[in-house]
>>> print(open('upload-v9.cif').read())   # mmCIF, C-alpha atoms
data_target
#
loop_
_atom_site.label_atom_id
_atom_site.label_comp_id
_atom_site.auth_asym_id
_atom_site.auth_seq_id
_atom_site.Cartn_x
_atom_site.Cartn_y
_atom_site.Cartn_z
CA MET A 1 92.95 108.80 121.06
CA ARG A 2 90.16 109.97 118.78
CA THR A 3 89.64 109.25 115.09
CA ILE A 4 88.20 112.14 113.09
CA THR A 5 86.80 111.52 109.61
CA THR A 6 85.39 114.89 108.55
CA VAL A 7 87.12 118.13 107.62
CA ARG A 8 84.65 120.20 109.62
CA GLU A 9 85.21 118.36 112.90
CA MET A 10 89.01 118.35 112.51
CA GLN A 11 89.01 122.10 111.86
CA GLN A 12 86.81 122.71 114.91
CA ILE A 13 89.11 120.64 117.14
CA ALA A 14 92.23 122.39 115.82
CA ALA A 15 90.69 125.83 116.33
CA GLN A 16 89.74 124.96 119.90
CA LEU A 17 93.20 123.62 120.69
CA LEU A 18 94.81 126.80 119.38
CA ARG A 19 92.39 128.97 121.38
CA GLU A 20 93.51 127.05 124.46
CA GLY A 21 97.13 127.91 123.65
CA LYS A 22 98.04 124.31 122.78
CA THR A 23 100.70 123.57 120.18
CA ILE A 24 99.85 121.02 117.47
CA GLY A 25 102.43 118.64 116.03
CA PHE A 26 101.30 117.09 112.75
CA VAL A 27 102.46 113.94 110.97
CA PRO A 28 100.89 113.55 107.51
CA THR A 29 101.04 109.97 106.16
CA MET A 30 99.40 107.60 103.72
CA GLY A 31 99.19 104.96 106.43
CA TYR A 32 100.58 101.44 106.70
CA LEU A 33 102.80 102.78 109.46
CA HIS A 34 106.32 101.55 110.10
CA GLU A 35 109.08 102.62 112.47
CA GLY A 36 109.91 105.60 110.28
CA HIS A 37 106.43 107.02 110.78
CA LEU A 38 106.56 106.22 114.47
CA SER A 39 109.82 108.15 114.81
CA LEU A 40 107.97 111.18 113.43
CA LEU A 41 105.21 110.70 116.00
CA LYS A 42 107.80 110.40 118.78
CA ALA A 43 109.39 113.69 117.71
CA ALA A 44 106.00 115.40 117.46
CA ARG A 45 104.92 114.07 120.84
CA LYS A 46 108.14 115.34 122.44
CA GLU A 47 107.91 118.86 121.03
CA ASN A 48 104.17 119.66 121.12
CA ASP A 49 101.16 119.61 123.43
CA VAL A 50 98.97 117.65 121.03
CA THR A 51 99.77 115.35 118.09
CA VAL A 52 97.68 114.73 115.00
CA LEU A 53 98.41 111.89 112.60
CA SER A 54 96.67 111.96 109.22
CA ILE A 55 96.13 108.83 107.17
CA PHE A 56 95.04 109.56 103.62
CA VAL A 57 96.11 107.80 100.43
CA ASN A 58 96.05 110.85 98.19
CA PRO A 59 94.92 109.99 94.65
CA LEU A 60 96.27 113.25 93.22
CA GLN A 61 99.89 112.18 93.71
CA PHE A 62 99.61 108.85 91.89
CA GLY A 63 100.13 108.61 88.13
CA PRO A 64 97.95 106.44 85.87
CA LYS A 65 100.45 103.56 85.98
CA GLU A 66 101.31 103.83 89.68
CA ASP A 67 100.24 101.76 92.65
CA LEU A 68 97.21 103.62 94.07
CA ALA A 69 94.98 100.53 94.04
CA THR A 70 97.62 98.26 95.52
CA TYR A 71 99.08 100.71 98.04
CA PRO A 72 99.04 98.81 101.38
CA ARG A 73 96.34 99.77 103.84
CA ASP A 74 95.60 98.55 107.38
CA PHE A 75 93.82 101.17 109.45
CA GLU A 76 93.25 98.97 112.51
CA ARG A 77 96.94 98.19 112.79
CA ASP A 78 97.86 101.84 112.18
CA SER A 79 95.44 102.98 114.86
CA GLN A 80 96.92 100.59 117.43
CA LEU A 81 100.48 101.70 116.66
CA ALA A 82 99.57 105.37 116.86
CA GLU A 83 97.80 104.90 120.18
CA GLN A 84 100.83 103.07 121.58
CA GLU A 85 102.91 106.15 120.71
CA GLY A 86 100.55 108.39 122.67
CA ASN A 87 99.07 110.07 119.60
CA ASP A 88 96.00 112.23 120.33
CA PHE A 89 94.04 112.41 117.07
CA ILE A 90 93.97 110.51 113.80
CA PHE A 91 92.52 112.45 110.88
CA TYR A 92 91.22 109.72 108.59
CA PRO A 93 89.14 111.22 105.78
CA SER A 94 87.82 109.46 102.71
CA ALA A 95 88.74 110.62 99.21
CA GLU A 96 85.16 111.92 98.87
CA GLU A 97 85.60 113.97 102.06
CA MET A 98 88.85 115.51 100.87
CA TYR A 99 87.75 115.99 97.27
CA PRO A 100 83.93 116.19 97.22
CA ASP A 101 84.09 117.78 93.78
CA SER A 102 86.70 117.99 91.07
CA PRO A 103 89.18 120.60 92.38
CA SER A 104 88.79 124.03 90.82
CA VAL A 105 92.22 125.06 92.15
CA THR A 106 95.33 122.92 92.63
CA ALA A 107 98.93 123.71 93.52
CA LYS A 108 101.61 123.73 90.81
CA VAL A 109 105.21 123.15 91.88
CA HIS A 110 107.65 124.90 89.54
CA ASP A 111 110.99 124.26 91.20
CA ARG A 112 112.86 121.25 92.66
CA THR A 113 110.68 118.76 90.73
CA ASP A 114 112.48 118.07 87.43
CA VAL A 115 115.03 115.78 89.12
CA LEU A 116 114.99 112.58 91.19
CA CYS A 117 111.47 111.13 91.61
CA GLY A 118 109.87 114.18 90.07
CA ARG A 119 111.41 113.51 86.65
CA SER A 120 109.68 110.15 86.21
CA ARG A 121 106.50 111.12 88.07
CA PRO A 122 105.10 114.23 86.34
CA GLY A 123 102.43 115.89 88.44
CA HIS A 124 103.32 113.90 91.56
CA PHE A 125 104.53 116.86 93.59
CA ASP A 126 101.61 119.00 92.39
CA GLY A 127 99.39 116.38 94.07
CA VAL A 128 101.56 116.40 97.19
CA ALA A 129 101.51 120.21 97.41
CA THR A 130 97.74 120.34 96.86
CA VAL A 131 96.86 117.81 99.56
CA LEU A 132 99.34 119.26 102.05
CA THR A 133 97.95 122.75 101.55
CA LYS A 134 94.50 121.34 102.35
CA LEU A 135 95.80 119.38 105.35
CA PHE A 136 97.67 122.39 106.74
CA ASN A 137 94.48 124.45 106.55
CA ILE A 138 92.47 121.67 108.19
CA VAL A 139 94.86 120.69 111.01
CA GLN A 140 96.46 124.14 111.53
CA PRO A 141 99.71 122.70 112.89
CA ASN A 142 102.54 124.57 114.55
CA LYS A 143 105.09 121.96 113.47
CA VAL A 144 104.93 119.32 110.72
CA TYR A 145 107.21 116.27 110.69
CA PHE A 146 108.63 114.58 107.58
CA GLY A 147 111.14 111.78 107.14
CA MET A 148 114.33 112.56 105.24
CA LYS A 149 114.00 109.33 103.25
CA ASP A 150 111.81 111.48 101.00
CA ALA A 151 114.31 114.34 100.94
CA GLN A 152 112.96 115.78 97.67
CA GLN A 153 109.51 115.98 99.23
CA VAL A 154 110.97 117.81 102.23
CA ALA A 155 112.63 120.33 99.92
CA VAL A 156 109.39 120.86 97.97
CA VAL A 157 107.32 121.26 101.13
CA GLU A 158 109.77 123.77 102.58
CA GLY A 159 109.31 125.78 99.37
CA LEU A 160 105.52 125.47 99.65
CA VAL A 161 105.45 126.74 103.22
CA ARG A 162 107.80 129.61 102.39
CA ASP A 163 106.05 130.73 99.20
CA PHE A 164 102.49 130.48 100.56
CA ASN A 165 103.40 132.01 103.94
CA ILE A 166 102.00 129.00 105.78
CA PRO A 167 102.57 129.51 109.53
CA ALA A 168 104.01 126.07 110.23
CA GLU A 169 107.55 124.90 110.87
CA ILE A 170 108.74 121.94 108.79
CA VAL A 171 110.77 119.53 110.93
CA PRO A 172 112.92 116.98 109.02
CA VAL A 173 113.59 113.69 110.84
CA GLU A 174 116.41 111.28 110.03
CA THR A 175 115.65 108.13 108.04
CA VAL A 176 114.88 105.03 110.12
CA ARG A 177 116.56 101.88 108.81
CA GLU A 178 116.36 98.13 109.10
CA GLN A 179 119.30 96.35 110.74
CA ASP A 180 120.96 95.84 107.33
CA GLY A 181 120.57 99.51 106.41
CA LEU A 182 117.49 99.34 104.19
CA ALA A 183 115.35 102.45 104.65
CA LYS A 184 112.00 101.63 106.25
CA SER A 185 109.18 101.93 103.74
CA SER A 186 105.60 100.76 103.35
CA ARG A 187 106.59 99.40 99.95
CA ASN A 188 109.23 97.02 101.36
CA VAL A 189 106.51 94.41 101.91
CA ASN A 190 106.25 94.10 98.12
CA LEU A 191 109.83 92.87 97.73
CA LEU A 192 110.37 89.24 96.84
CA PRO A 193 112.53 87.37 99.42
CA ALA A 194 115.65 87.47 97.22
CA GLU A 195 115.06 91.15 96.44
CA ARG A 196 114.74 91.95 100.13
CA GLU A 197 118.23 90.55 100.70
CA GLN A 198 119.59 92.48 97.73
CA ALA A 199 117.95 95.74 98.80
CA ALA A 200 120.59 96.31 101.47
CA ALA A 201 122.94 97.16 98.61
CA LEU A 202 121.24 100.53 98.17
CA HIS A 203 122.40 101.85 101.54
CA GLN A 204 125.78 100.14 101.06
CA SER A 205 126.26 102.03 97.80
CA LEU A 206 125.64 105.33 99.56
CA LYS A 207 128.23 104.48 102.22
CA ILE A 208 130.71 103.66 99.44
CA ALA A 209 130.02 107.07 97.92
CA GLU A 210 130.46 108.82 101.25
CA SER A 211 133.78 107.04 101.78
CA ALA A 212 135.02 108.06 98.33
CA ILE A 213 134.12 111.69 99.00
CA ALA A 214 135.75 111.57 102.45
CA GLU A 215 138.92 110.34 100.75
CA GLY A 216 138.93 113.39 98.49
CA GLU A 217 136.89 112.48 95.41
CA LYS A 218 135.17 115.64 94.13
CA ASP A 219 134.03 114.47 90.69
CA SER A 220 130.30 113.70 90.92
CA GLN A 221 130.34 111.39 87.88
CA LYS A 222 133.07 109.22 89.38
CA VAL A 223 131.08 108.91 92.62
CA ILE A 224 127.94 108.03 90.67
CA ALA A 225 129.89 105.35 88.79
CA LYS A 226 130.89 103.71 92.08
CA ILE A 227 127.26 103.65 93.22
CA ARG A 228 126.07 102.21 89.91
CA GLU A 229 128.70 99.48 89.96
CA HIS A 230 127.75 98.32 93.44
CA ILE A 231 124.01 98.26 92.76
CA GLU A 232 124.35 96.50 89.41
CA ASN A 233 126.73 93.90 90.84
CA ASN A 234 124.61 93.16 93.91
CA THR A 235 120.95 93.46 92.88
CA SER A 236 118.59 92.37 90.14
CA GLY A 237 116.85 95.74 90.28
CA ALA A 238 116.78 98.28 87.47
CA ILE A 239 118.32 101.63 88.37
CA ASP A 240 115.82 104.45 87.90
CA TYR A 241 118.25 107.21 88.81
CA ILE A 242 121.46 108.04 90.62
CA GLU A 243 121.91 111.77 91.11
CA ILE A 244 124.06 114.11 93.14
CA LEU A 245 122.53 117.56 93.60
CA SER A 246 122.89 120.61 95.78
CA TYR A 247 120.47 120.59 98.70
CA PRO A 248 117.83 121.86 99.23
CA ASP A 249 117.66 123.70 95.89
CA LEU A 250 118.31 120.43 93.97
CA LYS A 251 120.57 121.76 91.22
CA GLY A 252 123.11 119.63 89.38
CA VAL A 253 126.74 119.75 90.51
CA ASN A 254 129.84 118.55 88.71
CA VAL A 255 132.37 119.39 91.41
CA LEU A 256 131.28 118.33 94.89
CA GLN A 257 131.19 121.12 97.41
CA GLY A 258 128.83 122.49 100.04
CA LYS A 259 125.67 120.62 101.04
CA VAL A 260 124.65 117.92 98.58
CA ILE A 261 122.22 115.03 98.35
CA ILE A 262 123.27 111.69 96.89
CA ALA A 263 120.00 110.05 95.85
CA ILE A 264 119.11 106.73 94.26
CA ALA A 265 116.00 104.90 93.09
CA VAL A 266 115.88 101.24 92.08
CA LYS A 267 112.93 99.34 90.61
CA PHE A 268 112.41 95.75 91.72
CA THR A 269 109.63 93.42 90.54
CA LYS A 270 106.81 95.00 92.54
CA ALA A 271 108.48 97.82 94.42
CA ARG A 272 110.45 100.95 93.64
CA LEU A 273 112.83 101.86 96.45
CA ILE A 274 114.49 105.19 97.13
CA ASP A 275 117.28 106.21 99.47
CA ASN A 276 119.64 109.11 99.94
CA ALA A 277 122.46 110.60 101.94
CA ILE A 278 122.91 114.31 102.61
CA ILE A 279 126.45 115.44 103.32
CA THR A 280 128.36 118.69 103.61
CA ILE A 281 131.67 118.91 101.75
CA ASN A 282 134.21 121.57 102.67
#
>>> encode(input="upload-v9.cif", output="structure tokens")
Amino acid sequence: MRTITTVREMQQIAAQLLREGKTIGFVPTMGYLHEGHLSLLKAARKENDVTVLSIFVNPLQFGPKEDLATYPRDFERDSQLAEQEGNDFIFYPSAEEMYPDSPSVTAKVHDRTDVLCGRSRPGHFDGVATVLTKLFNIVQPNKVYFGMKDAQQVAVVEGLVRDFNIPAEIVPVETVREQDGLAKSSRNVNLLPAEREQAAALHQSLKIAESAIAEGEKDSQKVIAKIREHIENNTSGAIDYIEILSYPDLKGVNVLQGKVIIAIAVKFTKARLIDNAIITIN
């Protein structure tokens, strides 16, 4: 496995691989890898000739009050885990390498961003779209792998690839969970011990919602009320949002039908956790 730190070298390697007829599977991350990331690498390894993992904590997607400085980082550990998965290249640029000057052009996401995490994080998905556009041009992947824990991000990226005619296939991968159902996340390490126990209630609340819908409940507000009750009764966290939207266009729905996402975000002392379930209702 090779670690590449410059844009120029990564582009040269990608161009050579494509000339050789190799397919490139790409997993963009901000590092501090967990089993969710490794599941993306496994999928990429299975479906492509070569895999590229990027590790870059992108400053453009963090707001002024968000956790850029405290975002967990451990490149040595990440490198070992990636190598164990048979990864071929790590693209590990510095912020100065990715943004040597103040950007003269950035991406602006107009749709699918005024709900869920996008509502409370203005500009976040503009930063995501900007860095991914750069990464796609640098790595030149055939397939790009994203975890469905960040389902809004997947929807936004699918729109980016479609609208900018980027020749890459977006491959969503199911959320990887802890034994108690908590979605794997780099931010879980910031939970206090009591909060870590409580955090299982997020996934439990989604299962309660799914059961209610399976039993015939079609009123989105009644389903949301069940989720809220479970989280408030079983955690000390503050609910950021509970929303049920059509997927992937992320529009509000009052009567549940078709493909929808049930999404939640809860703020604990030092961590904000998200989770979701995507279901199809006949």
>>> closest_residue(input="upload-v9.cif", among="A:Gly25, A:Gly258, A:Gly216, A:Gly159", to="Val171 of chain A", atoms="all atoms listed in the file")
A:Gly25
>>> residues_around(input="upload-v9.cif", residues="Ser236 of chain A", least_positions_apart="5", cutoff="10 Å", atoms="all atoms listed in the file", output="VMD selection string")
chain A and resid 194 to 195 198 to 199 231 266 to 269
>>> resolve_selection(input="upload-v9.cif", expression="the PyMOL selection byres ((chain A and resi 108-118) around 10)", output="VMD selection string")
chain A and resid 105 to 107 119 to 130 150 to 153 155 to 157 159 to 160 240 to 245 247 to 252 263 to 265 274
>>> atom_distance(input="upload-v9.cif", atom1="atom CA of Leu182 of chain A", atom2="atom CA of Ala201 of chain A")
8.1 Å
>>> resolve_selection(input="upload-v9.cif", expression="the PyMOL selection byres ((chain A and resi 87) around 10)", output="number ranges by chain")
A: 1-2, 25, 38, 41-42, 44-45, 50-53, 79-86, 88-90
>>> resolve_selection(input="upload-v9.cif", expression="the PyMOL selection byres ((chain A and resi 254) around 8)", output="number ranges by chain")
A: 219-221, 252-253, 255-256
>>> atom_distance(input="upload-v9.cif", atom1="atom CA of Tyr99 of chain A", atom2="atom CA of Glu35 of chain A")
29.4 Å
>>> atom_distance(input="upload-v9.cif", atom1="atom CA of Ala225 of chain A", atom2="atom CA of Lys259 of chain A")
20.0 Å
>>> axis_aligned_box(input="upload-v9.cif", around="segment 237-241 of chain A", padding_each_side="8 Å", output="JSON")
{"center_x": 117.1, "center_y": 101.5, "center_z": 88.9, "size_x": 18.5, "size_y": 27.5, "size_z": 18.8}
